[in-house]
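A.B. asks: Below you'll find start_30.txt; it's compact mmCIF, C-alpha atoms.
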# COMPACT_ATOMS: atom_id res chain seq x y z
CA PRO A 1 0.00 0.00 0.00
CA PRO A 2 1.14 3.59 -0.55
CA PRO A 3 2.62 5.34 2.47
CA PRO A 4 0.19 7.47 4.44
CA LEU A 5 -0.05 11.08 3.45
CA PRO A 6 1.66 13.53 5.80
CA PRO A 7 -0.64 15.64 7.94
CA PRO A 8 -1.66 18.95 6.39
CA PRO A 9 0.46 21.93 7.45
CA PRO A 10 -0.98 24.24 10.08
CA PRO A 11 -2.86 27.20 8.61
CA PRO A 12 -0.87 30.43 8.22
CA SER A 13 -0.99 32.79 11.15
CA GLN A 14 -0.65 36.50 11.68
CA LEU A 15 0.06 38.61 14.72
CA VAL A 16 -2.63 41.14 15.63
CA ILE A 17 -2.21 43.68 18.41
CA ALA A 18 -5.17 44.12 20.76
CA THR A 19 -4.72 46.98 23.20
CA GLY A 20 -6.48 49.60 25.24
CA LYS A 21 -4.05 52.18 23.88
CA ALA A 22 -4.85 54.74 21.22
CA PRO A 23 -3.72 54.33 17.62
CA ALA A 24 -1.56 57.07 16.12
CA ALA A 25 0.01 57.74 19.54
CA PRO A 26 3.71 57.98 20.55
CA TRP A 27 3.95 54.33 21.64
CA THR A 28 3.22 53.12 18.10
CA THR A 29 6.48 54.52 16.68
CA SER A 30 8.57 52.07 18.71
CA VAL A 31 6.26 49.09 19.11
CA LEU A 32 4.56 48.61 15.74
CA PRO A 33 7.68 48.69 13.50
CA ALA A 34 9.25 46.02 15.72
CA LEU A 35 6.34 43.69 14.90
CA GLY A 36 7.22 43.56 11.20
CA PRO A 37 4.94 44.42 8.29
CA PRO A 38 1.82 46.51 8.97
CA ARG A 39 -0.98 44.44 10.42
CA PRO A 40 -4.60 44.84 11.55
CA GLY A 41 -5.20 46.00 15.09
CA VAL A 42 -7.74 46.30 17.88
CA TYR A 43 -7.34 49.59 19.77
CA MET A 44 -9.03 51.53 22.57
CA GLN A 45 -10.36 48.34 24.22
CA GLY A 46 -12.05 47.24 20.98
CA LEU A 47 -13.55 50.62 20.09
CA VAL A 48 -11.36 51.13 17.00
CA LEU A 49 -10.41 48.43 14.49
CA LEU A 50 -7.89 49.19 11.76
CA ASP A 51 -6.88 47.07 8.79
CA ALA A 52 -3.25 46.51 7.80
CA ALA A 53 -3.29 49.71 5.72
CA GLY A 54 -4.49 51.77 8.69
CA ARG A 55 -8.03 52.17 7.37
CA THR A 56 -10.89 52.12 9.84
CA LEU A 57 -12.96 48.95 9.86
CA TYR A 58 -15.02 49.97 12.88
CA SER A 59 -15.10 52.75 15.44
CA ARG A 60 -17.45 53.57 18.30
CA PRO A 61 -17.02 56.79 20.27
CA LEU A 62 -18.87 57.73 23.43
CA ASP A 63 -21.99 59.87 23.31
CA PRO A 64 -21.24 63.41 24.61
CA ALA A 65 -24.09 63.18 27.15
CA THR A 66 -22.50 60.02 28.56
CA VAL A 67 -19.15 61.80 28.83
CA ASP A 68 -20.84 64.56 30.85
CA ALA A 69 -22.47 61.98 33.15
CA VAL A 70 -19.18 60.20 33.87
CA GLN A 71 -17.43 63.53 34.45
CA ALA A 72 -20.12 64.57 36.92
CA TRP A 73 -19.73 61.30 38.83
CA ALA A 74 -15.93 61.62 38.97
CA ALA A 75 -16.23 65.18 40.31
CA GLU A 76 -18.70 64.38 43.11
CA PRO A 77 -17.68 65.54 46.60
CA GLY A 78 -15.42 62.99 48.21
CA ARG A 79 -14.24 61.64 44.86
CA GLY A 80 -12.40 64.26 42.87
CA HIS A 81 -10.88 61.73 40.47
CA THR A 82 -8.88 63.17 37.61
CA LEU A 83 -10.61 62.15 34.39
CA ALA A 84 -8.80 61.62 31.08
CA ALA A 85 -10.63 61.49 27.74
CA TYR A 86 -9.04 59.49 24.92
CA CYS A 87 -9.82 61.26 21.65
CA LEU A 88 -9.39 60.80 17.92
CA PRO A 89 -10.28 63.12 15.05
CA GLY A 90 -14.04 63.40 14.68
CA GLY A 91 -16.39 61.51 12.43
CA ARG A 92 -18.80 60.02 14.98
CA GLY A 93 -17.60 56.51 14.30
CA GLY A 94 -18.83 53.52 12.38
CA PRO A 95 -17.89 52.12 8.99
CA GLY A 96 -17.78 54.81 6.34
CA ALA A 97 -17.14 57.61 8.83
CA ALA A 98 -14.08 59.84 8.77
CA ASN A 99 -11.05 57.65 9.36
CA PRO A 100 -10.01 58.08 13.02
CA GLY A 101 -6.88 56.02 12.47
CA THR A 102 -5.21 58.60 10.25
CA GLY A 103 -5.08 61.54 12.67
CA PRO A 104 -3.11 61.86 15.88
CA ALA A 105 -4.67 60.76 19.13
CA ALA A 106 -5.16 63.30 21.91
CA ILE A 107 -5.92 63.10 25.61
CA LEU A 108 -7.93 65.83 27.34
CA ALA A 109 -7.96 65.84 31.14
CA THR A 110 -9.75 67.59 33.96
CA ALA A 111 -6.43 68.40 35.66
CA ASP A 112 -2.72 68.63 34.93
CA ASP A 113 -1.49 66.49 37.78
CA ALA A 114 0.67 63.47 38.48
CA ALA A 115 -2.25 61.11 37.93
CA ALA A 116 -2.85 62.42 34.40
CA ARG A 117 0.84 62.57 33.54
CA ARG A 118 1.15 58.92 34.55
CA LEU A 119 -0.34 58.06 31.13
CA THR A 120 2.74 59.33 29.29
CA PHE A 121 4.80 56.53 30.88
CA TYR A 122 2.81 54.13 28.71
CA GLY A 123 3.54 56.04 25.51
CA GLU A 124 0.23 57.86 25.34
CA PRO A 125 -0.06 61.51 24.19
CA PRO A 126 0.67 64.13 26.88
CA PRO A 127 -2.67 65.02 28.52
CA ALA A 128 -3.95 68.55 27.96
CA ALA A 129 -5.88 69.99 30.90
CA VAL A 130 -9.11 71.73 29.90
CA PRO A 131 -11.64 73.61 32.02
CA GLY A 132 -15.29 72.63 32.17
CA SER A 133 -16.88 69.93 30.04
CA LEU A 134 -14.56 67.42 28.40
CA ALA A 135 -17.24 66.72 25.78
CA ALA A 136 -17.48 70.40 24.87
CA ALA A 137 -13.70 70.79 24.73
CA ALA A 138 -13.40 67.76 22.44
CA ALA A 139 -16.15 69.03 20.13
CA ALA A 140 -14.46 72.44 19.89
CA ARG A 141 -11.28 70.69 18.73
CA GLY A 142 -13.06 68.46 16.21
CA LEU A 143 -12.42 65.34 18.31
CA ASP A 144 -14.53 62.37 19.34
CA ILE A 145 -14.07 60.85 22.80
CA TYR A 146 -13.79 57.08 22.76
CA LYS A 147 -13.11 56.21 26.37
CA LEU A 148 -12.65 57.87 29.74
CA ILE A 149 -10.19 56.89 32.46
CA ALA A 150 -10.60 57.91 36.08
CA LEU A 151 -7.09 58.20 37.51
CA GLY A 152 -5.71 57.85 41.00
CA ASP A 153 -2.92 56.25 42.99
CA PRO A 154 -2.45 52.46 42.81
CA GLY A 155 -3.99 50.95 45.91
CA GLY A 156 -6.20 54.02 46.41
CA PRO A 157 -9.98 54.49 46.17
CA LEU A 158 -10.13 53.42 42.51
CA ASP A 159 -8.94 49.97 43.55
CA ASP A 160 -11.64 49.70 46.24
CA PRO A 161 -14.56 47.43 45.27
CA ALA A 162 -16.91 49.91 46.96
CA THR A 163 -15.88 52.59 44.44
CA TRP A 164 -16.65 50.24 41.58
CA ASP A 165 -20.02 49.35 43.08
CA ALA A 166 -20.86 53.05 43.39
CA ALA A 167 -19.81 53.73 39.80
CA ARG A 168 -21.83 50.83 38.43
CA LYS A 169 -24.89 52.01 40.33
CA ALA A 170 -24.55 55.65 39.24
CA LEU A 171 -23.69 54.89 35.61
CA ASP A 172 -25.84 51.80 35.07
CA GLY A 173 -26.69 51.36 31.40
CA LEU A 174 -24.51 54.27 30.29
CA VAL A 175 -21.08 52.67 30.21
CA THR A 176 -19.15 49.45 30.65
CA LEU A 177 -16.41 49.69 33.27
CA THR A 178 -13.06 47.92 33.05
CA ALA A 179 -9.48 48.29 34.24
CA ALA A 180 -6.07 47.65 32.73
CA LEU A 181 -3.88 48.87 35.60
CA PRO A 182 -4.19 49.57 39.33
CA GLY A 183 -5.44 53.04 40.18
CA MET A 184 -7.43 53.36 36.95
CA MET A 185 -11.08 52.86 36.01
CA GLU A 186 -12.05 52.95 32.34
CA ALA A 187 -15.51 53.86 31.06
CA LEU A 188 -16.44 52.52 27.61
CA PRO A 189 -19.63 52.50 25.54
CA PRO A 190 -22.06 49.82 26.78
CA GLY A 191 -20.95 46.29 25.91
CA ALA A 192 -17.60 47.37 24.50
CA SER A 193 -14.53 45.25 25.22
CA LYS A 194 -11.42 43.78 23.68
CA GLY A 195 -13.40 40.57 23.23
CA GLU A 196 -16.04 42.38 21.18
CA GLY A 197 -13.29 43.98 19.12
CA LEU A 198 -11.60 40.63 18.59
CA LEU A 199 -14.89 39.09 17.48
CA ARG A 200 -15.45 41.88 14.95
CA LEU A 201 -11.90 41.67 13.62
CA THR A 202 -11.96 37.89 13.22
CA GLY A 203 -15.16 38.34 11.23
CA GLU A 204 -13.42 40.83 8.95
CA LEU A 205 -10.45 38.48 8.54
CA GLU A 206 -12.71 35.44 8.12
CA VAL A 207 -10.84 33.62 10.88
CA PRO A 208 -13.03 31.91 13.50
CA PRO A 209 -12.17 32.86 17.09
CA TYR A 210 -11.43 29.22 17.95
CA GLN A 211 -8.41 29.45 15.66
CA CYS A 212 -7.01 32.40 17.64
CA MET A 213 -4.58 32.49 20.52
CA PHE A 214 -4.91 35.50 22.81
CA VAL A 215 -2.26 36.50 25.34
CA GLY A 216 -3.17 38.92 28.12
CA ASP A 217 -2.59 40.06 31.67
CA GLY A 218 -5.32 42.51 32.71
CA ALA A 219 -8.98 42.47 33.71
CA ASN A 220 -9.67 44.15 30.36
CA ASP A 221 -8.35 40.99 28.66
CA ALA A 222 -10.72 38.58 30.42
CA ASP A 223 -13.47 38.25 27.81
CA ALA A 224 -10.97 37.99 24.94
CA LEU A 225 -9.18 35.19 26.80
CA LEU A 226 -12.51 33.37 27.05
CA LEU A 227 -13.43 34.01 23.42
CA ALA A 228 -10.19 32.83 21.84
CA GLY A 229 -9.65 29.16 21.16
CA TRP A 230 -6.49 29.28 23.29
CA GLY A 231 -6.30 31.90 26.03
CA VAL A 232 -2.90 32.46 27.62
CA ALA A 233 -2.30 34.53 30.76
CA VAL A 234 1.25 35.60 31.59
CA ALA A 235 2.66 35.05 35.07
CA ASN A 236 1.95 38.61 36.24
CA ALA A 237 -1.70 38.48 35.11
CA CYS A 238 -4.39 39.60 37.52
CA GLU A 239 -6.82 37.08 38.95
CA GLU A 240 -9.62 38.07 36.54
CA ALA A 241 -7.38 37.20 33.59
CA ARG A 242 -6.02 34.02 35.14
CA VAL A 243 -9.41 32.43 35.72
CA CYS A 244 -10.45 33.12 32.10
CA ALA A 245 -7.29 31.66 30.53
CA ASP A 246 -6.72 28.11 29.34
CA VAL A 247 -3.15 28.22 30.63
CA VAL A 248 -1.07 30.50 32.85
CA LEU A 249 2.59 30.83 31.91
CA GLU A 250 5.49 30.78 34.35
CA GLU A 251 6.95 33.79 32.50
CA SER A 252 5.73 37.36 33.05
CA ASN A 253 5.51 40.19 30.54
CA ASP A 254 8.98 41.36 31.52
CA GLN A 255 10.31 37.82 31.12
CA GLY A 256 9.07 37.54 27.53
CA GLY A 257 5.80 35.73 28.23
CA LEU A 258 4.32 36.74 24.88
CA ALA A 259 7.36 35.41 23.02
CA VAL A 260 7.17 32.14 24.98
CA ALA A 261 3.52 31.69 23.96
CA ILE A 262 4.26 32.40 20.30
CA ASP A 263 7.22 30.00 20.30
CA ARG A 264 5.30 27.25 22.06
CA TRP A 265 1.98 27.34 20.24
CA VAL A 266 2.61 29.11 16.93
CA LEU A 267 6.19 28.74 15.71
CA GLY A 268 6.98 25.40 17.35
CA PRO A 269 4.11 23.43 15.76
CA ARG A 270 5.15 24.84 12.37
CA GLY A 271 8.77 23.75 12.77
CA LEU A 272 9.94 27.36 12.61
CA LEU A 273 12.08 27.43 15.74
Would you mind writing the file out in structure tokens?

C.D. replies:
Amino acid sequence: PPPPLPPPPPPPSQLVIATGKAPAAPWTTSVLPALGPPRPGVYMQGLVLLDAAGRTLYSRPLDPATVDAVQAWAAEPGRGHTLAAYCLPGGRGGPGAANPGTGPAAILATADDAAARRLTFYGEPPPAAVPGSLAAAAAARGLDIYKLIALGDPGGPLDDPATWDAARKALDGLVTLTAALPGMMEALPPGASKGEGLLRLTGELEVPPYQCMFVGDGANDADALLLAGWGVAVANACEEARVCADVVLEESNDQGGLAVAIDRWVLGPRGLL
């Protein structure tokens, strides 16, 4: 009898970045070129999807009235959280709207303080403090606001479950709340998440989610870790991410956890190591 046929080769793969960060921001100049050829991306916690050419596939900004409501909550007596608004050039979002991926990102903030300036450590645009309504300031500059971040000290009130309970009660139905880092609370349009962004992007790429590996570390990664066929949490992942992952690595972000996952489950099976 003829020898058995060899197994078919694994399907080709591509690396897609999924981040809460803004596109067209300072961090992209060092990170994206290191990843090789241009590639699609999920940005702003799934609120902006770009194709490999930088064209907008999907975008979903916050409603200005919702921005005002979140700002009012953050400014209540006893809170006083600095609020940062992540903005892109206007167009009101959605397929066919003005391309928010082509213009520079901007951050407007309710104060110029250490909490707001903390964002620049992560390669985000320098926050610009504006008086009064963030929504009005963004509109005057021709910007749409995509997400809001309440900022404080790690381990402070924004890491207290009671603060989250109060925010959910006050803003019920207006926003979805998530967190990427201690001392921060992010407000997104209802139902928005990295997982939703991943689902939309896999539809555009015609790749089913079960053929995806997702690597994450934060609470904002939890639903994407559940959605992907293989969810990988790095060693420094928070508990919310760990419980949603299929496997937790021994290596952290700083120890090359992402590279370990790619070697083990992408390059290794293809004989490319």

A.B. asks: Please, what distance in Å, to one decimal, runs between atom CA of A:Ala22 and atom CA of A:Val42?

C.D. replies: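 Separating atom CA of A:Ala22 from atom CA of A:Val42 is a distance of 9.5 Å.
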
A.B. asks: Quick one, how far is atom CA of A:Ala109 from atom CA of A:Gly173?

C.D. replies: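 Separation of atom CA of A:Ala109 and atom CA of A:Gly173: 23.7 Å.
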
A.B. asks: Residues at most 10 Å from A:Ala65, counting only C-alpha atoms, excluding those fewer than 4 positions away in the same chain, as a PDB file with C-alpha atoms, in the coordinates of the input?

C.D. replies:
ATOM      1  CA  ALA A  69     -22.470  61.980  33.150  1.00  0.00           C
ATOM      2  CA  VAL A  70     -19.180  60.200  33.870  1.00  0.00           C
ATOM      3  CA  GLN A  71     -17.430  63.530  34.450  1.00  0.00           C
ATOM      4  CA  ALA A 135     -17.240  66.720  25.780  1.00  0.00           C
ATOM      5  CA  LEU A 174     -24.510  54.270  30.290  1.00  0.00           C
TER       6      LEU A 174
END

A.B. asks: Could you pull the residues within 12 Å of stretch 205-207 of chain A, counting all atoms listed in the file, minus those fewer than 2 positions along the same chain, as a PyMOL selection string?

C.D. replies: chain A and resi 11-14+16+39-41+49-52+57+198-203+209-213+228-229

A.B. asks: Nearest to A:Ser193 among A:Gly46, A:Gly36, A:Gly132, A:Pro64, with distances taken over all atoms listed in the file: which residue is it?

C.D. replies: A:Gly46

A.B. asks: Using only C-alpha atoms, which protein or nucleic acid residues come within 12 Å of A:Leu267? Drop anything in the same chain fewer than 2 positions from it, and give the result as a VMD selection string.

C.D. replies: chain A and resid 10 to 15 259 to 265 269 to 273

A.B. asks: What's the separation between atom CA of A:Tyr86 and atom CA of A:Ala111, in Å to one decimal place?

C.D. replies: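 Computing it gives 14.2 Å between the two atoms.
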
A.B. asks: Can you pull out every residue within 9 Å of A:Asn253, counting only C-alpha atoms, but drop anything in the same chain fewer than 4 positions away, and send it as number ranges by chain?

C.D. replies: A: 217, 234-237, 257-258

A.B. asks: Within 10 Å of A:Ala114, counting all atoms listed in the file, which residues show up once you throw out same-chain ones fewer than 5 positions away? Write them as a list in words, please.

C.D. replies: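 Listing them by chain and then by number gives Thr82, Leu119, Leu151, Gly152 and Asp153 of chain A.
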
A.B. asks: Return as JSON lines the residues of stretch 37-99 of chain A lying at most 8 Å from stretch 189-192 of chain A, together with the closest atom-to-atom pair for each and the distance in Å to one decimal, counting only C-alpha atoms, with rows in chain order and ascending residue number.

C.D. replies:
{"residue": "A:Gln45", "atom": "CA", "partner": "A:Ala192", "partner_atom": "CA", "distance": 7.3}
{"residue": "A:Gly46", "atom": "CA", "partner": "A:Ala192", "partner_atom": "CA", "distance": 6.6}
{"residue": "A:Leu47", "atom": "CA", "partner": "A:Ala192", "partner_atom": "CA", "distance": 6.8}
{"residue": "A:Arg60", "atom": "CA", "partner": "A:Pro189", "partner_atom": "CA", "distance": 7.6}
{"residue": "A:Pro61", "atom": "CA", "partner": "A:Pro189", "partner_atom": "CA", "distance": 7.3}
{"residue": "A:Leu62", "atom": "CA", "partner": "A:Pro189", "partner_atom": "CA", "distance": 5.7}

A.B. asks: Return the padded bounding box of stretch 152-155 of chain A as JSON: axis-aligned, built from all atoms listed in the file, 4 Å added on each side, with centre and edge lengths in Å to one decimal.

C.D. replies:
{"center_x": -4.1, "center_y": 54.4, "center_z": 43.5, "size_x": 11.3, "size_y": 14.9, "size_z": 12.9}
